[in-house]
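Text of start_28.tsv, listed as TSV, C-alpha atoms:
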chain	number	residue	atom	x	y	z
W	461	MET	CA	20.42	145.51	188.10
W	462	ASN	CA	22.77	147.84	189.91
W	463	TRP	CA	26.15	146.11	190.01
W	464	ASP	CA	27.56	148.55	192.57
W	465	ILE	CA	25.05	147.29	195.13
W	466	VAL	CA	25.92	143.67	194.35
W	467	LYS	CA	29.64	144.41	194.71
W	468	GLY	CA	29.01	146.21	198.00
W	469	VAL	CA	27.02	143.29	199.40
W	470	LEU	CA	29.72	140.82	198.34
W	471	ILE	CA	32.45	142.93	199.94
W	472	LEU	CA	30.40	143.16	203.14
W	473	LEU	CA	29.86	139.38	203.21
W	474	VAL	CA	33.57	138.73	202.70
W	475	ALA	CA	34.47	141.18	205.48
W	476	VAL	CA	32.01	139.65	207.95
W	477	SER	CA	33.19	136.13	207.08
W	478	ALA	CA	36.84	137.10	207.54
W	479	LEU	CA	36.06	138.67	210.89
W	480	GLY	CA	34.19	135.56	212.03
W	481	ILE	CA	37.05	133.30	210.96
W	482	ALA	CA	39.53	135.51	212.81
W	483	PHE	CA	37.47	135.28	216.01
W	484	VAL	CA	37.27	131.48	215.73
W	485	LEU	CA	41.01	131.14	215.19
W	486	MET	CA	41.86	133.48	218.08
W	487	SER	CA	39.54	131.87	220.61
W	488	ALA	CA	40.62	129.05	222.90
W	489	SER	CA	40.25	125.78	220.99
W	490	GLY	CA	38.19	127.61	218.38
W	491	PRO	CA	39.21	125.43	215.41
W	492	ASP	CA	38.40	122.27	217.42
W	493	LYS	CA	34.95	123.57	218.32
W	494	ALA	CA	34.27	124.71	214.75
W	495	GLY	CA	35.28	121.26	213.50
W	496	CYS	CA	33.01	119.59	216.03
W	497	ILE	CA	30.08	121.76	214.94
W	498	ALA	CA	30.73	120.96	211.27
W	499	ARG	CA	30.92	117.21	211.96
W	500	ALA	CA	27.75	117.34	214.08
W	501	LEU	CA	25.81	119.16	211.37
W	502	LYS	CA	27.11	116.79	208.70
W	503	SER	CA	26.06	113.73	210.69
W	504	GLY	CA	22.52	115.03	211.21
W	505	ILE	CA	22.57	116.01	214.88
W	506	PRO	CA	19.80	118.56	215.57
W	507	VAL	CA	21.02	122.14	215.95
W	508	GLY	CA	19.58	122.36	219.47
W	509	ASN	CA	21.77	119.50	220.69
W	510	ILE	CA	25.09	120.74	219.28
W	511	GLU	CA	25.87	122.71	222.46
W	512	ARG	CA	25.78	119.51	224.52
W	513	VAL	CA	27.49	117.30	221.95
W	514	CYS	CA	30.40	119.67	221.37
W	515	ARG	CA	30.51	120.94	224.97
W	516	LEU	CA	30.27	124.59	223.93
W	517	LEU	CA	29.09	125.82	227.31
W	518	ASP	CA	31.74	126.43	229.97
W	519	LYS	CA	30.07	125.02	233.06
Let me see whether you can do it: turn the structure in this file into structure tokens.
Amino acid sequence: MNWDIVKGVLILLVAVSALGIAFVLMSASGPDKAGCIARALKSGIPVGNIERVCRLLDK
């Protein structure tokens, strides 16, 4: 197995995760929305209903 490829993939995953976390923290009420999504998934709410439950759409 080529360990350079594995290291490259891990570095890429860490970079994408860090970028996603930065966007969540910089957005308006991002941590609150992320917490709501995590609680909804943990409690078994279907993924299709999370937008309504957490009020993710700005209408």
Around region 478-493 of chain W, with edges along x, y and z and 4 Å added on all six sides, what centre and edge lengths do you get, in Å to one decimal, as JSON?
{"center_x": 38.0, "center_y": 130.5, "center_z": 215.2, "size_x": 15.7, "size_y": 24.4, "size_z": 23.4}
Inset, instruction - Please write as a PyMOL selection string the list of polymer residues whose atoms come within 12 Å of (29.6, 116.4, 215.6), counting all atoms listed in the file and keeping to the coordinates of the file. - result: chain W and resi 492-507+509-516
Inset, instruction - Could you check how far CA of Ala478 (chain W) sits from CA of Trp463 (chain W), in Å to one decimal? - result: 22.4 Å
Inset, instruction - May I ask for the distance between CA of Leu517 (chain W) and CA of Val484 (chain W), given in Å to one decimal place? - result: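 Computing the Euclidean distance for CA of Leu517 (chain W) and CA of Val484 (chain W) yields 15.3 Å.
Across the structure, CA of Pro491 (chain W) and CA of Gly508 (chain W) are spaced 20.3 Å apart.
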